[in-house]
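What follows is the content of run_15.txt (compact mmCIF, C-alpha atoms and all ligand atoms).
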```txt
# COMPACT_ATOMS: atom_id res chain seq x y z
CA ALA A 1402 -1.81 31.95 4.13
CA PRO A 1403 -3.59 32.29 7.48
CA ALA A 1404 -5.67 29.24 6.70
CA MET A 1405 -2.55 27.33 5.80
CA ARG A 1406 -0.81 28.34 8.99
CA LYS A 1407 -3.78 27.22 10.97
CA ILE A 1408 -3.77 23.81 9.32
CA ASN A 1409 -0.06 23.47 9.81
CA GLU A 1410 -0.25 24.35 13.45
CA LYS A 1411 -2.93 21.83 13.93
CA TYR A 1412 -1.60 18.95 11.89
CA ASP A 1413 1.94 19.52 10.70
CA LYS A 1414 4.08 20.60 13.57
CA VAL A 1415 6.94 18.42 12.52
CA PHE A 1416 6.73 19.66 8.98
CA VAL A 1417 6.75 23.29 10.08
CA GLU A 1418 9.62 22.81 12.48
CA GLY A 1419 11.71 21.01 9.93
CA CYS A 1420 14.66 18.94 11.00
CA VAL A 1421 15.19 19.09 14.71
CA GLU A 1422 17.11 16.98 17.15
CA PRO A 1423 15.66 13.49 17.12
CA ASP A 1424 13.29 12.82 19.97
CA THR A 1425 14.35 9.51 21.45
CA SER A 1426 12.67 10.04 24.79
CA LYS A 1427 10.00 7.41 24.23
CA PRO A 1428 10.45 3.66 24.35
CA ARG A 1429 10.30 1.81 21.06
CA ALA A 1430 6.90 0.69 19.90
CA ASN A 1431 6.24 -2.97 19.21
CA ALA A 1432 7.14 -2.54 15.56
CA ALA A 1433 9.47 -3.62 12.79
CA PHE A 1434 10.51 -2.78 9.26
CA VAL A 1435 9.34 -5.41 6.82
CA ILE A 1436 11.24 -6.02 3.59
CA LEU A 1437 10.25 -8.65 1.07
CA ALA A 1438 13.09 -9.26 -1.34
CA ARG A 1439 15.14 -11.67 -3.39
CA ASN A 1440 18.89 -12.28 -3.18
CA LYS A 1441 19.47 -10.56 -6.51
CA GLU A 1442 17.96 -7.36 -5.11
CA ILE A 1443 20.67 -6.95 -2.49
CA ASP A 1444 22.08 -3.72 -3.98
CA GLY A 1445 18.67 -2.06 -4.02
CA VAL A 1446 17.95 -3.29 -0.52
CA ILE A 1447 21.21 -1.88 0.79
CA GLN A 1448 20.45 1.45 -0.84
CA SER A 1449 17.12 1.49 0.98
CA ILE A 1450 18.58 0.46 4.31
CA LYS A 1451 21.33 3.02 4.17
CA SER A 1452 18.70 5.68 3.65
CA VAL A 1453 16.42 4.37 6.40
CA GLU A 1454 19.33 4.19 8.82
CA ARG A 1455 20.75 7.58 7.92
CA HIS A 1456 17.48 9.43 8.20
CA PHE A 1457 15.79 7.54 11.01
CA ASN A 1458 16.92 4.26 12.40
CA ARG A 1459 20.38 5.21 13.61
CA TRP A 1460 18.54 6.93 16.46
CA TYR A 1461 15.65 4.50 16.92
CA HIS A 1462 17.10 1.03 16.18
CA TYR A 1463 13.89 -0.65 15.12
CA PRO A 1464 14.25 -4.30 14.11
CA TYR A 1465 13.99 -5.57 10.55
CA VAL A 1466 12.19 -8.60 9.22
CA PHE A 1467 13.32 -9.80 5.80
CA LEU A 1468 11.00 -12.14 3.94
CA ASN A 1469 11.53 -14.19 0.82
CA ASP A 1470 9.69 -16.98 -0.97
CA GLY A 1471 13.12 -18.50 -1.53
CA ASP A 1472 16.09 -18.80 0.82
CA PHE A 1473 18.29 -15.81 1.56
CA ASP A 1474 21.91 -16.65 0.87
CA ASP A 1475 24.80 -15.94 3.21
CA ASN A 1476 25.98 -12.97 1.20
CA PHE A 1477 22.55 -11.34 1.52
CA LYS A 1478 22.35 -11.92 5.26
CA GLU A 1479 25.89 -10.86 5.95
CA THR A 1480 25.61 -7.67 3.90
CA ILE A 1481 22.36 -6.77 5.61
CA ARG A 1482 23.81 -7.32 9.08
CA ASN A 1483 26.64 -4.95 8.22
CA HIS A 1484 24.24 -2.12 7.45
CA THR A 1485 21.54 -2.33 10.10
CA SER A 1486 21.47 -0.88 13.59
CA GLY A 1487 18.51 -2.91 14.81
CA GLU A 1488 17.88 -6.62 15.27
CA VAL A 1489 17.49 -8.56 12.03
CA GLU A 1490 15.46 -11.66 11.26
CA PHE A 1491 15.24 -13.56 7.98
CA GLY A 1492 12.17 -15.59 7.14
CA LYS A 1493 10.84 -17.76 4.40
CA VAL A 1494 7.36 -17.39 2.98
CA GLY A 1495 5.86 -20.83 2.57
CA PRO A 1496 3.59 -22.03 -0.24
CA GLU A 1497 0.49 -21.57 1.94
CA MET A 1498 1.07 -17.81 1.78
CA TRP A 1499 2.70 -17.61 -1.62
CA GLY A 1500 1.53 -20.31 -3.97
CA PHE A 1501 -1.75 -20.90 -5.75
CA PRO A 1502 -4.64 -21.46 -3.33
CA ASP A 1503 -6.13 -24.95 -3.48
CA TRP A 1504 -9.44 -23.71 -4.85
CA ILE A 1505 -7.97 -22.49 -8.10
CA ASP A 1506 -6.70 -24.67 -10.90
CA PRO A 1507 -3.09 -23.57 -11.47
CA ALA A 1508 -3.44 -24.25 -15.19
CA VAL A 1509 -6.37 -21.83 -15.38
CA ALA A 1510 -4.44 -19.20 -13.43
CA GLN A 1511 -1.32 -19.65 -15.52
CA GLU A 1512 -3.25 -19.32 -18.72
CA GLY A 1513 -4.84 -16.15 -17.38
CA ILE A 1514 -1.44 -14.80 -16.44
CA ALA A 1515 -0.05 -15.58 -19.89
CA LYS A 1516 -2.96 -13.71 -21.47
CA GLN A 1517 -2.20 -10.68 -19.31
CA GLY A 1518 1.39 -10.86 -20.51
CA ASP A 1519 0.17 -10.91 -24.11
CA ALA A 1520 -2.08 -7.95 -23.39
CA ALA A 1521 0.96 -6.06 -22.04
CA VAL A 1522 -0.63 -5.47 -18.64
CA MET A 1523 2.19 -4.16 -16.47
CA TYR A 1524 3.68 -7.15 -14.61
CA GLY A 1525 0.55 -9.03 -15.74
CA GLY A 1526 2.54 -11.89 -17.26
CA LEU A 1527 4.72 -12.45 -14.20
CA GLU A 1528 3.36 -15.22 -12.01
CA SER A 1529 5.72 -14.18 -9.21
CA TYR A 1530 4.36 -10.64 -9.20
CA HIS A 1531 0.78 -11.91 -8.84
CA LYS A 1532 1.92 -14.03 -5.90
CA MET A 1533 3.74 -11.12 -4.31
CA CYS A 1534 0.67 -8.89 -4.56
CA ARG A 1535 -1.56 -11.55 -3.03
CA PHE A 1536 0.94 -12.15 -0.23
CA TYR A 1537 1.02 -8.45 0.62
CA SER A 1538 -2.76 -8.27 0.37
CA GLY A 1539 -3.72 -11.15 2.58
CA PHE A 1540 -0.86 -12.84 4.38
CA PHE A 1541 2.26 -10.89 5.35
CA PHE A 1542 0.81 -9.75 8.70
CA ASN A 1543 0.32 -13.38 9.74
CA HIS A 1544 3.80 -14.50 8.83
CA PRO A 1545 5.27 -16.25 11.92
CA LEU A 1546 8.03 -13.65 12.23
CA LEU A 1547 5.51 -10.81 12.31
CA LEU A 1548 3.06 -12.23 14.81
CA LYS A 1549 4.88 -10.67 17.75
CA TYR A 1550 4.59 -7.18 16.26
CA GLU A 1551 1.73 -4.71 16.43
CA TRP A 1552 3.02 -2.23 13.85
CA TYR A 1553 4.99 -2.39 10.66
CA TRP A 1554 6.80 -0.05 8.31
CA ARG A 1555 7.18 -1.37 4.81
CA VAL A 1556 10.44 -0.88 2.96
CA GLU A 1557 11.27 -1.93 -0.58
CA PRO A 1558 14.47 -2.14 -2.56
CA GLU A 1559 15.45 1.14 -4.23
CA ILE A 1560 13.63 3.61 -2.08
CA SER A 1561 15.08 6.69 -0.47
CA TYR A 1562 14.17 9.16 2.21
CA PHE A 1563 15.33 12.76 1.79
CA CYS A 1564 14.61 14.18 5.19
CA ASP A 1565 15.56 13.24 8.70
CA ILE A 1566 12.65 11.74 10.55
CA THR A 1567 13.22 13.08 14.02
CA TYR A 1568 10.28 11.57 15.84
CA ASP A 1569 8.95 8.06 16.16
CA PRO A 1570 6.09 7.70 13.67
CA PHE A 1571 4.83 4.54 15.38
CA GLN A 1572 4.52 6.35 18.70
CA ARG A 1573 2.91 9.28 16.96
CA MET A 1574 0.35 7.03 15.33
CA ILE A 1575 -0.37 5.33 18.63
CA GLU A 1576 -0.82 8.69 20.40
CA THR A 1577 -3.16 9.98 17.72
CA ASN A 1578 -5.05 6.70 17.39
CA LYS A 1579 -4.22 6.10 13.73
CA THR A 1580 -4.41 2.83 11.85
CA TYR A 1581 -2.83 3.44 8.46
CA GLY A 1582 -0.21 5.90 7.23
CA PHE A 1583 0.86 6.77 3.69
CA THR A 1584 3.01 9.34 1.97
CA ILE A 1585 2.05 9.09 -1.70
CA ALA A 1586 -1.27 8.45 -3.38
CA VAL A 1587 -1.36 7.73 -7.09
CA LYS A 1588 -3.67 6.32 -9.72
CA GLU A 1589 -3.67 2.67 -10.57
CA LEU A 1590 -3.29 1.43 -14.14
CA ARG A 1591 -6.89 0.72 -15.06
CA GLU A 1592 -6.17 -2.47 -16.97
CA THR A 1593 -4.65 -4.11 -13.86
CA VAL A 1594 -7.89 -3.84 -11.87
CA PRO A 1595 -10.88 -3.68 -14.22
CA ASN A 1596 -13.20 -5.46 -11.79
CA MET A 1597 -11.64 -4.81 -8.41
CA PHE A 1598 -13.94 -2.02 -7.43
CA ARG A 1599 -17.12 -3.95 -8.26
CA TYR A 1600 -16.10 -6.62 -5.78
CA ALA A 1601 -14.97 -4.17 -3.11
CA SER A 1602 -18.20 -2.30 -3.51
CA ALA A 1603 -20.20 -5.53 -3.25
CA TYR A 1604 -18.33 -6.40 -0.04
CA LYS A 1605 -19.32 -3.11 1.45
CA ARG A 1606 -22.93 -3.66 0.51
CA LEU A 1607 -23.15 -7.28 1.60
CA HIS A 1608 -21.85 -6.31 5.01
CA ASN A 1609 -24.13 -3.29 5.24
CA LEU A 1610 -21.21 -0.99 5.75
CA THR A 1611 -21.87 2.69 5.53
CA SER A 1612 -19.00 4.93 4.58
CA LYS A 1613 -17.08 6.52 7.42
CA GLY A 1614 -16.04 9.23 4.99
CA LEU A 1615 -13.07 7.63 3.27
CA TRP A 1616 -14.87 5.53 0.67
CA GLU A 1617 -15.80 8.63 -1.31
CA MET A 1618 -12.12 9.27 -1.89
CA PHE A 1619 -12.11 6.32 -4.28
CA VAL A 1620 -15.34 6.98 -6.11
CA VAL A 1621 -15.87 9.00 -9.25
CA PRO A 1622 -18.48 11.58 -8.23
CA PRO A 1623 -21.85 10.79 -9.91
CA GLU A 1624 -21.84 14.09 -11.78
CA ASP A 1625 -18.54 13.14 -13.43
CA GLN A 1626 -19.67 9.71 -14.55
CA GLU A 1627 -20.30 9.28 -18.23
CA GLN A 1628 -23.99 8.44 -18.56
CA ASP A 1629 -23.67 5.99 -21.43
CA GLU A 1630 -20.57 4.26 -20.11
CA GLU A 1631 -20.84 0.51 -19.70
CA PRO A 1632 -19.89 -0.71 -16.23
CA PRO A 1633 -17.03 -3.24 -16.22
CA LYS A 1634 -17.90 -6.94 -16.21
CA ASP A 1635 -16.06 -10.16 -15.41
CA SER A 1636 -15.34 -10.78 -19.07
CA ASP A 1637 -13.29 -7.57 -19.10
CA SER A 1638 -10.57 -9.32 -17.13
CA PRO A 1639 -7.50 -9.54 -19.36
CA GLY A 1640 -6.81 -13.06 -18.04
CA GLY A 1641 -10.28 -14.31 -18.95
CA ASP A 1642 -13.51 -14.45 -16.96
CA ILE A 1643 -13.02 -14.19 -13.24
CA PRO A 1644 -14.13 -17.64 -12.05
CA ARG A 1645 -17.31 -17.16 -10.08
CA THR A 1646 -16.96 -20.40 -8.18
CA SER A 1647 -14.00 -22.52 -7.40
CA PRO A 1648 -12.90 -24.54 -10.41
CA LYS A 1649 -11.72 -27.30 -8.06
CA LYS A 1650 -13.97 -27.34 -5.06
CA ASN A 1651 -17.32 -26.01 -6.03
CA THR A 1652 -17.90 -24.77 -2.50
CA LYS A 1653 -18.14 -21.08 -1.94
CA PRO A 1654 -20.18 -19.33 -4.54
CA ILE A 1655 -19.19 -15.74 -4.42
CA ILE A 1656 -21.43 -12.81 -4.87
CA ASP A 1657 -24.05 -12.34 -7.46
CA PRO A 1658 -22.55 -9.79 -9.82
CA GLU A 1659 -25.99 -8.25 -10.31
CA SER A 1660 -25.77 -7.04 -6.73
CA MET A 1661 -22.74 -4.92 -7.38
CA GLU A 1662 -23.20 -1.22 -7.11
CA GLY A 1663 -22.95 1.17 -9.99
CA GLU A 1664 -20.20 3.26 -8.48
CA LYS A 1665 -17.05 3.80 -10.47
CA TYR A 1666 -13.47 3.60 -9.17
CA ASN A 1667 -11.34 6.67 -9.72
CA MET A 1668 -8.18 4.51 -9.55
CA CYS A 1669 -6.76 6.41 -6.60
CA HIS A 1670 -4.83 4.39 -4.05
CA PHE A 1671 -2.23 4.77 -1.35
CA TRP A 1672 1.10 3.68 -2.78
CA SER A 1673 1.88 0.74 -0.53
CA ASN A 1674 5.64 0.45 -1.01
CA PHE A 1675 5.69 2.89 1.89
CA GLU A 1676 3.21 2.03 4.57
CA ILE A 1677 3.12 2.33 8.33
CA ALA A 1678 0.19 0.42 9.67
CA LYS A 1679 -1.33 -1.32 12.61
CA LEU A 1680 -1.14 -5.04 11.98
CA SER A 1681 -4.21 -5.79 14.06
CA TRP A 1682 -6.28 -4.03 11.42
CA PHE A 1683 -5.06 -6.44 8.72
CA ARG A 1684 -5.61 -9.31 11.12
CA SER A 1685 -9.15 -8.24 11.98
CA LYS A 1686 -12.13 -10.34 10.94
CA GLU A 1687 -13.39 -7.46 8.81
CA TYR A 1688 -10.19 -7.18 6.81
CA GLN A 1689 -9.89 -10.96 6.53
CA ASP A 1690 -13.45 -11.21 5.21
CA PHE A 1691 -12.70 -8.47 2.75
CA PHE A 1692 -9.57 -10.23 1.54
CA GLU A 1693 -11.26 -13.58 1.29
CA MET A 1694 -14.08 -12.21 -0.80
CA MET A 1695 -11.69 -10.39 -3.09
CA ASP A 1696 -9.49 -13.46 -3.30
CA ARG A 1697 -12.37 -15.80 -4.13
CA SER A 1698 -13.19 -13.68 -7.14
CA GLY A 1699 -9.98 -14.86 -8.77
CA GLY A 1700 -8.89 -11.28 -9.42
CA PHE A 1701 -5.38 -11.83 -8.10
CA TRP A 1702 -4.87 -14.23 -11.02
CA MET A 1703 -7.21 -13.30 -13.86
CA GLU A 1704 -6.41 -9.65 -13.27
CA ARG A 1705 -3.26 -8.27 -11.76
CA TRP A 1706 -4.64 -6.82 -8.58
CA GLY A 1707 -2.03 -4.88 -6.65
CA ASP A 1708 -1.85 -4.91 -2.88
CA ALA A 1709 -1.94 -1.12 -2.88
CA PRO A 1710 -5.50 -0.74 -4.21
CA ILE A 1711 -6.55 -3.73 -2.07
CA HIS A 1712 -5.29 -2.06 1.10
CA SER A 1713 -6.79 1.24 -0.01
CA LEU A 1714 -10.26 -0.06 -0.80
CA ALA A 1715 -10.29 -2.05 2.43
CA ALA A 1716 -9.47 1.18 4.22
CA GLY A 1717 -12.21 2.90 2.25
CA ALA A 1718 -14.75 0.28 3.29
CA LEU A 1719 -13.66 -0.13 6.91
CA LEU A 1720 -11.91 3.03 8.08
CA GLY A 1721 -12.59 6.74 8.23
CA PRO A 1722 -10.34 9.68 7.38
CA GLN A 1723 -9.56 10.10 11.07
CA ASP A 1724 -7.91 6.66 11.04
CA ILE A 1725 -5.51 7.60 8.27
CA HIS A 1726 -2.34 9.61 8.61
CA TYR A 1727 -0.75 11.35 5.68
CA PHE A 1728 3.00 11.56 6.32
CA ARG A 1729 3.39 14.73 4.36
CA ASP A 1730 6.58 15.53 6.25
CA PHE A 1731 8.40 12.45 4.89
CA GLY A 1732 10.55 13.10 1.83
CA TYR A 1733 10.29 9.81 -0.02
CA ARG A 1734 11.04 8.41 -3.42
CA HIS A 1735 10.57 5.05 -5.09
CA THR A 1736 11.72 4.78 -8.69
CA THR A 1737 10.10 7.63 -10.60
CA ILE A 1738 7.59 8.91 -8.08
CA GLN A 1739 8.41 10.95 -5.06
CA HIS A 1740 6.92 13.10 -2.39
CA CYS A 1741 8.84 16.15 -1.30
CA PRO A 1742 7.49 18.03 1.70
CA SER A 1743 9.07 21.42 1.10
CA ASN A 1744 7.06 22.26 -1.98
CA ALA A 1745 4.03 20.07 -1.51
CA PRO A 1746 1.29 21.86 -3.45
CA GLY A 1747 -1.53 20.34 -1.46
CA LEU A 1748 -0.55 22.42 1.53
CA GLN A 1749 -1.82 25.48 -0.27
CA LEU A 1750 -5.21 23.98 -0.91
CA PRO A 1751 -6.74 23.14 2.42
CA ARG A 1752 -10.39 22.25 2.45
CA GLU A 1753 -11.26 23.11 6.00
CA SER A 1754 -14.33 20.97 6.34
CA PHE A 1755 -12.49 17.82 5.37
CA LEU A 1756 -9.29 18.66 7.17
CA GLU A 1757 -11.20 19.30 10.38
CA GLN A 1758 -11.50 15.58 10.87
CA THR A 1759 -8.39 14.31 9.19
CA THR A 1760 -4.80 14.84 8.32
CA LEU A 1761 -5.51 14.15 4.68
CA ASN A 1762 -5.68 16.91 2.17
CA ASP A 1763 -8.45 16.77 -0.30
CA ARG A 1764 -6.84 16.66 -3.69
CA ALA A 1765 -7.32 12.97 -4.29
CA ARG A 1766 -10.88 13.20 -3.28
CA PHE A 1767 -12.02 16.02 -5.43
CA GLU A 1768 -9.73 16.21 -8.43
CA GLU A 1769 -9.53 13.38 -10.91
CA ASP A 1770 -6.12 14.06 -12.37
CA ASP A 1771 -4.32 15.74 -9.56
CA TYR A 1772 -4.53 13.70 -6.43
CA TRP A 1773 -2.48 14.56 -3.42
CA GLU A 1774 1.01 15.71 -3.94
CA HIS A 1775 3.24 13.52 -5.93
CA TRP A 1776 4.94 14.16 -9.18
CA ASP A 1777 7.43 12.46 -11.40
CA ALA A 1778 10.94 12.69 -10.06
CA PRO A 1779 13.17 14.98 -12.09
CA GLN A 1780 15.96 13.25 -13.96
CA GLU A 1781 18.67 14.77 -11.84
CA GLY A 1782 18.49 15.35 -8.09
CA GLY A 1783 18.03 18.70 -6.41
CA VAL A 1784 14.33 18.60 -5.77
CA GLY A 1785 14.39 21.42 -3.28
CA CYS A 1786 13.75 19.55 -0.11
CA ARG A 1787 14.78 21.66 2.82
CA CYS A 1788 15.81 18.75 4.92
CA ARG A 1789 19.26 17.36 4.77
P1 LIG B 1801 7.17 -2.49 -8.07
O1 LIG B 1801 7.67 -1.59 -6.98
O2 LIG B 1801 5.68 -2.54 -8.17
O3 LIG B 1801 7.84 -2.25 -9.38
O4 LIG B 1801 7.52 -4.01 -7.65
P2 LIG B 1801 8.83 -4.62 -7.02
O5 LIG B 1801 9.58 -5.38 -8.05
O6 LIG B 1801 9.59 -3.58 -6.26
O7 LIG B 1801 8.20 -5.65 -5.99
C1 LIG B 1801 7.56 -5.22 -4.82
C2 LIG B 1801 8.20 -5.87 -3.60
O8 LIG B 1801 8.05 -7.27 -3.66
C3 LIG B 1801 9.70 -5.61 -3.49
O9 LIG B 1801 10.00 -5.57 -2.11
C4 LIG B 1801 10.30 -6.83 -4.15
O10 LIG B 1801 11.58 -7.11 -3.62
C5 LIG B 1801 9.31 -7.90 -3.74
N1 LIG B 1801 9.16 -8.98 -4.71
C6 LIG B 1801 8.57 -8.94 -5.92
N2 LIG B 1801 8.54 -10.15 -6.50
C7 LIG B 1801 9.12 -11.00 -5.62
C8 LIG B 1801 9.40 -12.41 -5.64
O11 LIG B 1801 9.11 -13.14 -6.58
N3 LIG B 1801 10.04 -12.92 -4.54
C9 LIG B 1801 10.39 -12.14 -3.47
N4 LIG B 1801 11.01 -12.71 -2.44
N5 LIG B 1801 10.13 -10.83 -3.43
C10 LIG B 1801 9.51 -10.25 -4.49
MN MN B 1802 9.35 -1.61 -5.81
```

Please go through the file and, once you have read it, give me the structure as structure tokens.
Amino acid sequence: APAMRKINEKYDKVFVEGCVEPDTSKPRANAAFVILARNKEIDGVIQSIKSVERHFNRWYHYPYVFLNDGDFDDNFKETIRNHTSGEVEFGKVGPEMWGFPDWIDPAVAQEGIAKQGDAAVMYGGLESYHKMCRFYSGFFFNHPLLLKYEWYWRVEPEISYFCDITYDPFQRMIETNKTYGFTIAVKELRETVPNMFRYASAYKRLHNLTSKGLWEMFVVPPEDQEQDEEPPKDSDSPGGDIPRTSPKKNTKPIIDPESMEGEKYNMCHFWSNFEIAKLSWFRSKEYQDFFEMMDRSGGFWMERWGDAPIHSLAAGALLGPQDIHYFRDFGYRHTTIQHCPSNAPGLQLPRESFLEQTTLNDRARFEEDDYWEHWDAPQEGGVGCRCR
């Protein structure tokens, strides 16, 4: 208990204080909510916005940017305007950020996607889902409507917040010099990313990057690795071999797979449907190089790489724990997974040495099956959050 109090005093003042009067003394940061959605998702979007407004934005009035690969209809726009207290913009995502890149043969990609559908990879057979993941991995931050912003807070349809957020998380991240904030970390479905880690690991090596202390969070410790286990290979992709060079333009050969390290991914990642992050990090040359190398592997098509593990492994390669903020004080749920601050088990398990330099707790890093605090949402409500 004393150790816990010490940690809380140092890192979790807001959590300890619980719901207080909102602090609106600071000016708004240069930030916006970003919501990618389709017209048919309007009900889920309104649910999310009501929750965001009720628990935060009615005091802070941050603007919203809605993005869509199609056109938002008048009903969507009108309904949104009736529920938001900040400025609203609606934008279209063009084919240069959404469609197939010119270096891949769409027929090859589509065949790979169909195979993933046959193999029952979750969302693997949905071309639109592959495009969405690639957009959120490599493009959203450069969408024309986002260029004027320095920070973003991602919102999805059908999310909810349980607790009032009575301070400005953007300002708090600026003050504490953070780059990336999350509230839930979970494990990825292995069959969606069989080869992702080999490529991420190769990126790190090719650029001579040494870990700043976050990379280890994603690696199975050597002592836990099965000795006789075969490392994954390109032919393990459920969509077929990841094309090593462009099928169309035979320009950029990507890395020699022999150069990939023998480390193994533990599947942990920050769940990106909630994310507060500094857009300049995504726009940086380092992140762009990372994305381009990952993209050139073909893994967004021949596998169903999610933007969440992409963001996470980029953070692992480029950032340190001190750059990451764990919003453990945010009560948050999306579909079946939630984080509830009042009974977060990780708070009872501080690992001082790691927490000295970070606001992360260590469960993801050191325990294979029990990473950070998330758990399946109970069927009925009443999860015990103290906040209103
Ligand atoms: P899940 O949370 O992984 O089950 O995936 P979702 O279906 O929630 O998709 C993630 C985000 O991308 C949500 O904000 C969706 O509204 C959005 N999204 C997914 N597919 C498409 C698409 O084809 N078009 C548009 N405009 N948005 C999409
Ligand atoms: Mn979703």

Selection near Ser1636 in chain A, 10 Å with only C-alpha atoms, sequence-local residues under 6 positions removed, as a count of residues only: 6

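When all atoms listed in the file are used to compute distances to Thr1567 in chain A, the closest of the residues A:Phe1619, A:Phe1491, A:Phe1434, A:Trp1460 turns out to be A:Trp1460.
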
Residue nearest Asp1444 in chain A - candidates A:Glu1559, A:Gly1539, A:Ile1711, A:Ile1514, atoms counted: all atoms listed in the file: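 Comparing A:Glu1559, A:Gly1539, A:Ile1711, A:Ile1514 against Asp1444 in chain A, the winner is A:Glu1559.
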
Shell of 7 Å around ligand LIG 1801 (chain B) (all atoms listed in the file), written as a list in words: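 Within the 7 Å cut-off, the matching residues are Ile1436, Leu1437, Ala1438, Arg1439, Glu1442, Leu1468, Asn1469, Asp1470, Gly1471, Ser1529, Tyr1530, Met1533, Val1556, Glu1557, Pro1558 and Asn1674 of chain A.
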
Hey, can you spit out that residue selection with C-alpha atoms as a short mmCIF file (atom, residue, chain, number, x, y, z; two decimals), keeping the file's coordinate frame?
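Saved result, result_29.cif, follows:
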```cif
data_model
loop_
_atom_site.label_atom_id
_atom_site.label_comp_id
_atom_site.auth_asym_id
_atom_site.auth_seq_id
_atom_site.Cartn_x
_atom_site.Cartn_y
_atom_site.Cartn_z
CA ILE A 1436 11.24 -6.02 3.59
CA LEU A 1437 10.25 -8.65 1.07
CA ALA A 1438 13.09 -9.26 -1.34
CA ARG A 1439 15.14 -11.67 -3.39
CA GLU A 1442 17.96 -7.36 -5.11
CA LEU A 1468 11.00 -12.14 3.94
CA ASN A 1469 11.53 -14.19 0.82
CA ASP A 1470 9.69 -16.98 -0.97
CA GLY A 1471 13.12 -18.50 -1.53
CA SER A 1529 5.72 -14.18 -9.21
CA TYR A 1530 4.36 -10.64 -9.20
CA MET A 1533 3.74 -11.12 -4.31
CA VAL A 1556 10.44 -0.88 2.96
CA GLU A 1557 11.27 -1.93 -0.58
CA PRO A 1558 14.47 -2.14 -2.56
CA ASN A 1674 5.64 0.45 -1.01
#
```

Nearest residue to Val1522 in chain A from the set A:Gly1721, A:Gly1495, A:Gly1699, A:Pro1639 (distances using all atoms listed in the file):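 Closest residue, counting all atoms listed in the file: A:Pro1639.
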
Of the listed residues A:Gln1626, A:Thr1425, A:Asn1667, A:Thr1577, that which approaches Asn1458 in chain A most closely, counting only C-alpha atoms: A:Thr1425

Need the shell around range 1578-1584 of chain A: protein/DNA/RNA residues with any atom at most 12 Å away, counting all atoms listed in the file. Skip same-chain ones fewer than 5 positions apart. Format as a tab-separated table (two decimals) with C-alpha atoms, keeping the file's coordinate frame?
```tsv
chain	number	residue	atom	x	y	z
A	1551	GLU	CA	1.73	-4.71	16.43
A	1552	TRP	CA	3.02	-2.23	13.85
A	1553	TYR	CA	4.99	-2.39	10.66
A	1554	TRP	CA	6.80	-0.05	8.31
A	1555	ARG	CA	7.18	-1.37	4.81
A	1562	TYR	CA	14.17	9.16	2.21
A	1570	PRO	CA	6.09	7.70	13.67
A	1571	PHE	CA	4.83	4.54	15.38
A	1572	GLN	CA	4.52	6.35	18.70
A	1573	ARG	CA	2.91	9.28	16.96
A	1670	HIS	CA	-4.83	4.39	-4.05
A	1671	PHE	CA	-2.23	4.77	-1.35
A	1672	TRP	CA	1.10	3.68	-2.78
A	1673	SER	CA	1.88	0.74	-0.53
A	1674	ASN	CA	5.64	0.45	-1.01
A	1675	PHE	CA	5.69	2.89	1.89
A	1676	GLU	CA	3.21	2.03	4.57
A	1677	ILE	CA	3.12	2.33	8.33
A	1678	ALA	CA	0.19	0.42	9.67
A	1679	LYS	CA	-1.33	-1.32	12.61
A	1680	LEU	CA	-1.14	-5.04	11.98
A	1681	SER	CA	-4.21	-5.79	14.06
A	1682	TRP	CA	-6.28	-4.03	11.42
A	1683	PHE	CA	-5.06	-6.44	8.72
A	1709	ALA	CA	-1.94	-1.12	-2.88
A	1712	HIS	CA	-5.29	-2.06	1.10
A	1713	SER	CA	-6.79	1.24	-0.01
A	1715	ALA	CA	-10.29	-2.05	2.43
A	1716	ALA	CA	-9.47	1.18	4.22
A	1717	GLY	CA	-12.21	2.90	2.25
A	1719	LEU	CA	-13.66	-0.13	6.91
A	1720	LEU	CA	-11.91	3.03	8.08
A	1721	GLY	CA	-12.59	6.74	8.23
A	1722	PRO	CA	-10.34	9.68	7.38
A	1723	GLN	CA	-9.56	10.10	11.07
A	1724	ASP	CA	-7.91	6.66	11.04
A	1725	ILE	CA	-5.51	7.60	8.27
A	1726	HIS	CA	-2.34	9.61	8.61
A	1727	TYR	CA	-0.75	11.35	5.68
A	1728	PHE	CA	3.00	11.56	6.32
A	1729	ARG	CA	3.39	14.73	4.36
A	1730	ASP	CA	6.58	15.53	6.25
A	1731	PHE	CA	8.40	12.45	4.89
A	1732	GLY	CA	10.55	13.10	1.83
A	1733	TYR	CA	10.29	9.81	-0.02
A	1734	ARG	CA	11.04	8.41	-3.42
A	1735	HIS	CA	10.57	5.05	-5.09
A	1738	ILE	CA	7.59	8.91	-8.08
A	1739	GLN	CA	8.41	10.95	-5.06
A	1740	HIS	CA	6.92	13.10	-2.39
A	1741	CYS	CA	8.84	16.15	-1.30
A	1742	PRO	CA	7.49	18.03	1.70
A	1745	ALA	CA	4.03	20.07	-1.51
A	1759	THR	CA	-8.39	14.31	9.19
A	1760	THR	CA	-4.80	14.84	8.32
A	1761	LEU	CA	-5.51	14.15	4.68
A	1762	ASN	CA	-5.68	16.91	2.17
A	1773	TRP	CA	-2.48	14.56	-3.42
A	1774	GLU	CA	1.01	15.71	-3.94
A	1775	HIS	CA	3.24	13.52	-5.93
```

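Minimum atom-to-atom distances from A:Glu1422, A:Asp1519, A:Glu1490, A:Asp1708 to Gly1640 in chain A were compared using only C-alpha atoms, and the lowest value belongs to A:Asp1519.
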
Point (1.8, -18.1, 3.4), cut-off 10 Å, counting all atoms listed in the file, residues as a ChimeraX atom specification: /A:1470,1493-1500,1502,1535-1536,1539-1545

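Going from CA of Thr1485 in chain A over to CA of Lys1451 in chain A, you cover 8.0 Å.
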